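Here is the file entry17.txt (compact mmCIF, C-alpha atoms).
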```
# COMPACT_ATOMS: atom_id res chain seq x y z
CA MET P 324 -98.43 -92.97 66.44
CA SER P 325 -100.67 -90.32 64.90
CA ARG P 326 -99.79 -88.25 61.85
CA ARG P 327 -100.00 -85.07 63.91
CA LYS P 328 -97.18 -86.17 66.19
CA SER P 329 -94.93 -87.88 63.69
CA HIS P 330 -94.16 -88.39 60.06
CA ALA P 331 -92.97 -91.45 58.22
CA CYS P 332 -89.51 -90.74 56.88
CA PHE P 333 -88.52 -93.04 54.02
CA GLN P 334 -84.95 -91.79 53.94
CA GLY P 335 -83.94 -95.27 54.97
CA ILE P 336 -81.83 -98.02 53.49
CA GLU P 337 -83.28 -100.61 51.18
CA TRP P 338 -81.35 -103.82 50.76
CA LYS P 339 -81.97 -105.85 47.63
CA GLY P 340 -80.58 -109.28 46.82
CA GLN P 341 -79.11 -109.79 43.36
CA ARG P 342 -77.08 -112.52 41.70
CA ALA P 343 -74.05 -110.26 41.33
CA GLY P 344 -74.34 -108.97 44.88
CA HIS P 345 -76.48 -106.45 46.71
CA HIS P 346 -77.15 -102.79 46.31
CA ILE P 347 -78.54 -100.01 48.48
CA ARG P 348 -81.01 -97.35 47.41
CA ILE P 349 -82.04 -94.27 49.38
CA VAL P 350 -85.70 -93.33 49.07
CA LYS P 351 -86.05 -89.59 49.65
CA SER P 352 -89.74 -89.12 49.00
CA ILE P 353 -92.15 -89.73 51.87
CA HIS P 354 -94.82 -90.39 49.25
CA SER P 355 -93.21 -93.61 47.99
CA LYS P 356 -95.63 -96.51 47.80
CA PHE P 357 -94.84 -99.71 49.64
CA ASP P 358 -95.90 -101.72 46.59
CA GLU P 359 -92.92 -100.32 44.70
CA LEU P 360 -90.60 -101.76 47.36
CA ASP P 361 -91.92 -105.33 47.36
CA GLU P 362 -88.97 -106.47 45.23
CA TYR P 363 -86.63 -105.86 48.18
CA VAL P 364 -85.75 -108.38 50.88
CA PHE P 365 -86.47 -105.81 53.60
CA VAL P 366 -86.71 -102.05 53.96
CA VAL P 367 -85.28 -99.93 56.77
CA ARG P 368 -87.74 -97.15 57.52
CA GLN P 369 -87.35 -94.29 59.99
CA ARG P 370 -90.09 -92.47 61.87
CA THR P 371 -89.38 -89.21 63.69
CA ASP P 372 -91.57 -87.96 66.52
CA LYS P 373 -92.18 -84.24 66.02
CA THR P 374 -92.55 -83.63 69.76
CA THR P 375 -89.46 -85.42 71.07
CA GLN P 376 -87.49 -85.49 67.79
CA LYS P 377 -86.67 -89.11 68.61
CA THR P 378 -86.11 -91.27 65.55
CA THR P 379 -87.21 -94.91 65.57
CA SER P 380 -86.08 -97.37 62.91
CA TYR P 381 -88.45 -100.02 61.59
CA LEU P 382 -87.80 -103.11 59.48
CA ASP P 383 -90.43 -103.81 56.84
CA ILE P 384 -90.03 -107.47 55.92
CA LYS P 385 -90.73 -108.00 52.20
CA SER P 386 -89.20 -111.45 51.68
CA THR P 387 -91.54 -114.34 52.48
CA PHE P 388 -88.48 -116.50 53.21
CA LEU P 389 -87.20 -114.03 55.79
CA ARG P 390 -90.68 -113.52 57.23
CA ASP P 391 -91.13 -117.25 57.86
CA ILE P 392 -87.67 -117.51 59.46
CA LEU P 393 -88.44 -114.60 61.79
CA ARG P 394 -91.79 -116.14 62.72
CA GLU P 395 -90.01 -119.28 63.89
CA ALA P 396 -87.20 -117.43 65.69
CA CYS P 397 -89.58 -115.01 67.45
CA HIS P 398 -92.49 -117.36 68.17
CA ASP P 399 -92.13 -116.95 71.96
CA VAL P 400 -91.08 -113.27 71.95
CA ARG P 401 -93.86 -111.07 73.28
CA GLY P 402 -94.16 -107.60 71.81
CA ILE P 403 -93.27 -108.71 68.27
CA SER P 404 -96.07 -109.43 65.81
CA LEU P 405 -95.26 -111.14 62.52
CA ALA P 406 -98.77 -112.30 61.63
CA GLU P 407 -99.19 -110.00 58.63
CA ASN P 408 -98.05 -111.03 55.16
CA THR P 409 -95.54 -108.15 55.10
CA PRO P 410 -94.88 -107.46 58.80
CA SER P 411 -93.02 -104.50 60.24
CA ILE P 412 -91.05 -104.54 63.51
CA GLU P 413 -88.94 -102.05 65.41
CA ARG P 414 -85.28 -102.62 64.61
CA ASP P 415 -84.31 -102.73 68.30
CA ALA P 416 -86.67 -105.69 68.76
CA ALA P 417 -84.31 -107.75 66.58
CA PHE P 418 -81.34 -107.06 68.88
CA HIS P 419 -81.85 -110.08 71.13
CA VAL P 420 -82.99 -112.57 68.46
CA ARG P 421 -79.68 -112.49 66.58
CA LYS P 422 -78.43 -115.59 68.38
CA ASP P 423 -81.53 -117.55 67.36
CA LEU P 424 -81.13 -116.32 63.79
CA GLN P 425 -77.46 -117.36 63.76
CA GLN P 426 -78.46 -120.87 64.84
CA TYR P 427 -81.07 -120.95 62.09
CA GLN P 428 -78.43 -119.75 59.62
CA GLN P 429 -76.07 -122.57 60.64
CA ARG P 430 -78.86 -125.08 60.22
CA LEU P 431 -79.55 -123.85 56.69
CA ALA P 432 -75.83 -123.94 55.85
CA GLY P 433 -75.69 -127.60 56.83
CA GLU P 434 -78.41 -128.57 54.36
CA GLY P 435 -76.12 -128.31 51.32
CA GLU P 436 -76.59 -125.94 48.39
CA GLU P 437 -77.30 -122.33 49.32
CA THR P 438 -81.01 -121.55 49.10
CA MET P 439 -82.79 -118.25 48.59
CA ALA P 440 -83.88 -118.33 52.23
CA GLU P 441 -80.24 -118.64 53.31
CA LYS P 442 -79.22 -115.72 51.07
CA HIS P 443 -81.98 -113.49 52.43
CA LEU P 444 -81.18 -114.39 56.03
CA GLY P 445 -77.46 -113.81 55.45
CA LEU P 446 -78.18 -110.35 54.05
CA PHE P 447 -80.43 -109.55 57.02
CA MET P 448 -77.81 -110.74 59.53
CA ARG P 449 -75.05 -108.66 57.94
CA TYR P 450 -77.23 -105.59 58.21
CA LEU P 451 -78.08 -106.26 61.88
CA GLU P 452 -74.44 -106.81 62.83
CA THR P 453 -73.50 -103.52 61.16
CA ALA P 454 -76.42 -101.60 62.68
CA PHE P 455 -75.87 -102.94 66.22
CA LYS P 456 -72.06 -102.84 66.31
CA PRO P 457 -71.93 -99.45 68.12
CA ILE P 458 -74.40 -100.81 70.71
CA ASP P 459 -72.42 -104.03 71.14
CA ASP P 460 -69.21 -102.06 71.64
CA ARG P 461 -70.76 -99.85 74.33
CA LEU P 462 -72.35 -102.80 76.12
CA SER P 463 -69.07 -104.71 76.11
CA VAL P 464 -67.40 -101.92 78.10
CA LEU P 465 -70.36 -101.43 80.46
CA PHE P 466 -70.96 -105.13 81.17
CA ALA P 467 -67.28 -105.57 82.03
CA ARG P 468 -67.98 -103.27 84.99
CA ASN P 469 -71.51 -104.60 85.64
CA GLU P 470 -72.93 -101.21 84.67
CA ILE P 471 -75.64 -99.91 82.35
CA THR P 472 -76.85 -96.51 81.15
CA TYR P 473 -80.46 -95.38 81.00
CA ASP P 474 -80.53 -95.18 77.19
CA LEU P 475 -79.35 -98.81 76.92
CA LEU P 476 -81.80 -100.37 79.38
CA TRP P 477 -83.75 -101.80 76.43
CA ALA P 478 -80.67 -103.85 75.50
CA LEU P 479 -80.22 -105.21 79.04
CA PHE P 480 -83.46 -107.20 79.20
CA LYS P 481 -83.74 -110.21 76.90
CA PRO P 482 -87.17 -111.64 76.00
CA ASN P 483 -88.42 -114.06 78.70
CA ALA P 484 -85.42 -113.26 80.92
CA GLU P 485 -85.67 -113.89 84.67
CA VAL P 486 -85.95 -110.48 86.35
CA TYR P 487 -84.95 -109.97 89.98
CA THR P 488 -87.01 -107.40 91.86
CA SER P 489 -88.90 -107.10 95.15
CA CYS P 490 -92.51 -107.57 96.16
CA ARG P 491 -94.43 -104.34 96.63
CA GLY P 492 -95.51 -103.99 100.24
CA THR P 493 -93.20 -106.61 101.78
CA ASN P 494 -90.00 -105.77 99.84
CA VAL P 495 -89.02 -109.46 99.89
CA PRO P 496 -87.10 -110.75 96.83
CA ARG P 497 -89.06 -112.14 93.92
CA CYS P 498 -88.42 -113.28 90.36
CA VAL P 499 -90.62 -112.57 87.34
CA LEU P 500 -90.28 -113.13 83.59
CA PHE P 501 -89.71 -110.23 81.22
CA ASN P 502 -92.27 -109.43 78.50
CA HIS P 503 -91.32 -106.03 77.10
CA LEU P 504 -90.58 -102.44 78.11
CA GLU P 505 -91.41 -98.92 77.04
CA GLU P 506 -90.45 -95.41 78.07
CA ARG P 507 -93.12 -93.28 79.71
CA THR P 508 -93.43 -89.88 81.38
CA ASP P 509 -94.98 -89.35 84.82
CA VAL P 510 -97.23 -86.46 85.88
CA SER P 511 -94.19 -84.34 86.80
CA GLY P 512 -92.69 -84.75 83.34
CA SER P 513 -89.90 -87.12 84.42
CA LYS P 514 -89.11 -90.08 82.19
CA PHE P 515 -89.02 -93.67 83.36
CA ILE P 516 -88.86 -97.16 81.90
CA ARG P 517 -91.87 -99.38 82.54
CA LEU P 518 -91.12 -103.11 82.52
CA GLU P 519 -94.02 -105.44 81.85
CA THR P 520 -93.40 -108.84 83.43
CA ARG P 521 -95.34 -111.98 84.32
CA TYR P 522 -95.41 -114.66 87.00
CA LEU P 523 -97.53 -117.59 88.15
CA GLY P 524 -100.19 -116.51 90.62
CA SER P 525 -103.10 -118.29 92.22
CA ASP P 526 -106.72 -117.67 93.19
CA GLY P 527 -106.27 -120.18 96.01
CA GLU P 528 -107.19 -123.19 93.91
CA SER P 529 -105.28 -123.15 90.63
CA LEU P 530 -102.24 -121.49 89.07
CA GLY P 531 -102.43 -118.92 86.29
CA GLU P 532 -100.30 -116.31 84.58
CA VAL P 533 -100.44 -112.82 86.09
CA THR P 534 -99.06 -109.66 84.50
CA THR P 535 -97.32 -107.06 86.64
CA SER P 536 -94.92 -104.17 86.11
CA SER P 537 -91.84 -102.44 87.52
CA SER P 538 -90.43 -98.97 86.94
CA ILE P 539 -86.90 -97.64 86.55
CA ALA P 540 -86.61 -93.86 86.91
CA VAL P 541 -84.34 -91.93 84.57
CA PHE P 542 -80.75 -91.59 85.80
CA ARG P 543 -77.57 -89.96 84.59
CA GLY P 544 -74.35 -91.66 83.65
CA ALA P 545 -73.74 -95.35 84.32
CA MET P 546 -75.29 -97.27 87.22
CA ARG P 547 -74.38 -100.60 88.75
CA ILE P 548 -76.86 -103.12 87.38
CA GLU P 549 -77.56 -104.68 90.80
CA LEU P 550 -78.63 -101.25 92.13
CA LEU P 551 -81.57 -101.03 89.72
CA PRO P 552 -85.02 -101.73 91.23
CA ALA P 553 -85.38 -104.52 88.65
CA TYR P 554 -82.66 -106.25 86.64
CA PRO P 555 -81.86 -109.64 85.03
CA LEU P 556 -81.32 -112.25 87.73
CA GLN P 557 -78.01 -113.33 86.17
CA TYR P 558 -76.42 -110.06 87.36
CA HIS P 559 -77.21 -110.64 91.04
CA PRO P 560 -73.97 -110.74 93.09
CA GLU P 561 -75.11 -113.99 94.76
CA VAL P 562 -77.17 -115.46 91.94
CA LYS P 563 -76.85 -119.13 93.00
CA GLU P 564 -77.91 -118.48 96.59
CA ILE P 565 -80.80 -116.16 95.71
CA ARG P 566 -82.05 -118.54 93.00
CA SER P 567 -82.12 -121.37 95.54
CA GLN P 568 -84.10 -119.20 97.98
CA LEU P 569 -86.58 -118.16 95.29
CA VAL P 570 -87.12 -121.75 94.14
CA GLU P 571 -87.78 -122.86 97.72
CA CYS P 572 -90.21 -119.98 98.20
CA GLY P 573 -92.04 -120.99 95.01
CA ARG P 574 -92.32 -124.60 96.14
CA LYS P 575 -93.78 -123.49 99.46
CA PHE P 576 -96.27 -121.27 97.62
CA VAL P 577 -97.45 -124.19 95.46
CA SER P 578 -97.69 -126.49 98.49
CA LEU P 579 -100.20 -124.09 100.08
CA LEU P 580 -102.67 -124.16 97.18
CA GLY P 581 -106.15 -125.20 98.22
CA ILE P 582 -107.53 -125.22 101.77
CA HIS P 583 -105.17 -125.52 104.75
CA HIS P 584 -105.41 -124.82 108.45
CA ARG P 585 -102.66 -122.34 109.37
CA ARG P 586 -102.05 -119.68 111.98
CA TYR P 587 -100.35 -116.52 110.81
CA THR P 588 -99.10 -113.43 112.61
CA GLY P 589 -97.60 -110.56 110.65
CA ARG P 590 -98.46 -108.17 107.84
CA ALA P 591 -101.51 -108.59 105.62
CA LEU P 592 -101.58 -106.97 102.19
CA LEU P 593 -104.53 -105.84 100.12
CA VAL P 594 -104.00 -104.77 96.51
CA TRP P 595 -106.74 -102.36 95.50
CA ASP P 596 -106.81 -100.34 92.28
CA ASN P 597 -103.05 -100.86 91.84
CA ARG P 598 -102.45 -99.57 95.39
CA ILE P 599 -101.22 -101.64 98.31
CA GLU P 600 -102.71 -101.24 101.77
CA SER P 601 -101.20 -103.06 104.72
CA CYS P 602 -102.23 -103.94 108.26
CA HIS P 603 -99.93 -105.10 111.04
CA GLY P 604 -100.40 -107.52 113.92
CA ILE P 605 -102.83 -109.77 112.06
CA SER P 606 -103.47 -113.18 113.58
CA SER P 607 -105.62 -115.52 111.53
CA ALA P 608 -106.25 -119.14 110.69
CA LYS P 609 -107.17 -120.71 107.37
```
Output the structure of this file as structure tokens.
Amino acid sequence: MSRRKSHACFQGIEWKGQRAGHHIRIVKSIHSKFDELDEYVFVVRQRTDKTTQKTTSYLDIKSTFLRDILREACHDVRGISLAENTPSIERDAAFHVRKDLQQYQQRLAGEGEETMAEKHLGLFMRYLETAFKPIDDRLSVLFARNEITYDLLWALFKPNAEVYTSCRGTNVPRCVLFNHLEERTDVSGSKFIRLETRYLGSDGESLGEVTTSSSIAVFRGAMRIELLPAYPLQYHPEVKEIRSQLVECGRKFVSLLGIHHRRYTGRALLVWDNRIESCHGISSAK
């Protein structure tokens, strides 16, 4: 995000571990140097977009113990980079890794005497539970009715979750794996959520990972989850039956890799420059 469109607001919360407990300090100056904050376990930093006035919270990880724990917990989470010595991640990205962190915390607790890593992780977990409690409370009410709101779509999709959607062109059911999402604006100025997903595709000879995307247009109020154009497979009304159908379809797809002699009558699809063209009444052999 450029400086012209946003400014880094350091009016965040800094959590510091001490023997006698923990204390919080508010940094009011936007000119504070990060080096002065290295003594803290982590720093909560806020960035406000001048155009949309939307505020995004970031977590600057200062503790090497906490950094290494997060690297292990998030090793298969796409969209989160912890490669730097003092990494920074969006706070919302930590929403779905709390369960993994809790398991890590239990593992540390079973090793005996409390270590510095356990103290830092405990402090981090207490902050996350406090920060996400309003979100958890809202989701609890919505999920009880199998509903979701547009502003909470980011909390609906867990990393690597199975996403139920349909194939462009044929509209037949398909399942893909979730990578990450972001909000965008189309040419008319309307907002939508773009989901980046992946699946196993083929060039006719071998399998390989293919990236694709789905879109969810902005909507008002709460919507039934199964009415979304793409949603986690677990919320499908007939999840067992549809999973069985999708697995069988995948097995058939794999069985047709390579060269086969087949006769086919139906619709043929051609994906060209992200557009789908179709022809009907095709009869061919391969």
**Request:** Anything within 12 Å of (-75.8, -101.6, 62.7): list those residues as JSON, numbers by chain, counting all atoms listed in the file and sticking to the file's coordinates.
**Result:** {"P": [336, 367, 380, 414, 415, 417, 418, 447, 448, 449, 450, 451, 452, 453, 454, 455, 456, 457, 458, 459, 460]}
**Message:** Can you tell me which residues surround Asn408 (chain P) at a distance of at most 10 Å, considering all atoms listed in the file, apart from same-chain residues fewer than 4 positions away, and format the answer as a VMD selection string?
**Reply:** chain P and resid 384 to 387 390 to 391
Give me the residues of region 428-543 of chain P that have any atom at most 8 Å from an atom of region 568-587 of chain P; for each, the nearest atom pair and the distance in Å, rounded to one decimal. Use all atoms listed in the file, sort by chain and number, and format it as JSON lines.
```
{"residue": "P:Pro496", "atom": "CA", "partner": "P:Leu569", "partner_atom": "CA", "distance": 7.6}
{"residue": "P:Arg497", "atom": "CA", "partner": "P:Leu569", "partner_atom": "CA", "distance": 6.7}
{"residue": "P:Cys498", "atom": "CA", "partner": "P:Leu569", "partner_atom": "CA", "distance": 7.2}
{"residue": "P:Ser525", "atom": "CA", "partner": "P:Leu580", "partner_atom": "CA", "distance": 7.7}
{"residue": "P:Gly527", "atom": "CA", "partner": "P:Gly581", "partner_atom": "CA", "distance": 5.5}
{"residue": "P:Glu528", "atom": "CA", "partner": "P:Gly581", "partner_atom": "CA", "distance": 4.9}
{"residue": "P:Ser529", "atom": "CA", "partner": "P:Leu580", "partner_atom": "CA", "distance": 7.1}
```
**Pick from P:Leu389, P:Thr472, P:Arg590, P:Ala406 nearest to Leu424 (chain P), counting all atoms listed in the file** =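 Of P:Leu389, P:Thr472, P:Arg590, P:Ala406, the one nearest Leu424 (chain P) is P:Leu389, counting all atoms listed in the file.
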**Prompt:** Nearest to Val364 (chain P): which of P:Leu465, P:Leu382, P:Ala540, P:Leu479 is it, counting all atoms listed in the file?
**Reply:**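 Residue with the minimum atom-to-atom distance to Val364 (chain P): P:Leu382.
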**Item:** Nearest residue to Tyr363 (chain P) from the set P:Leu446, P:His559, P:Asn502, P:Cys397 (distances using all atoms listed in the file)
**Value:** P:Leu446
**Item:** Atomic separation - CA of Lys377 (chain P) relative to CA of Ile403 (chain P), Å
**Value:**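 Those two atoms sit 20.7 Å apart.
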**Item:** Residue nearest Trp477 (chain P) among P:Leu444, P:Ala396, P:Val510, P:Ala416 (counting all atoms listed in the file)
**Value:**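 The closest residue to Trp477 (chain P) is P:Ala416.
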As a CSV table (one decimal) with C-alpha atoms, in the frame of the given file, please: the residues near Gly524 (chain P) (cut-off 6 Å, only C-alpha atoms, same-chain neighbours under 2 positions excluded).
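Written output follows (around_38.csv):
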```csv
chain,number,residue,atom,x,y,z
P,530,LEU,CA,-102.2,-121.5,89.1
P,531,GLY,CA,-102.4,-118.9,86.3
P,533,VAL,CA,-100.4,-112.8,86.1
```
**Complete:** Students should find that CA of Arg394 (chain P) and CA of Ala432 (chain P) are spaced 19.0 Å
**Request:** Excluding Pro552 (chain P) and any residue of its chain fewer than 5 positions from it, enumerate the residues within 8 Å of it, using all atoms listed in the file, and give them as an NGL selection string.
**Result:** :P and (488-489 or 537-539)
**Asked** Using all atoms listed in the file, which of P:Gln557, P:Gln369, P:Thr588, P:Thr493 sits nearest Phe466 (chain P)?
**Response**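 Comparing P:Gln557, P:Gln369, P:Thr588, P:Thr493 against Phe466 (chain P), the winner is P:Gln557.
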**Complete:** Residue with the minimum atom-to-atom distance to Glu395 (chain P), picked from P:Thr535, P:Glu413, P:Gln426, P:Lys373 with all atoms listed in the file counted, is P:Gln426
**Item:** Atom pair CA of Glu519 (chain P) / CA of Phe365 (chain P): separation (Å)
**Value:**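 Value for the CA of Glu519 (chain P)-CA of Phe365 (chain P) distance: 29.2 Å.
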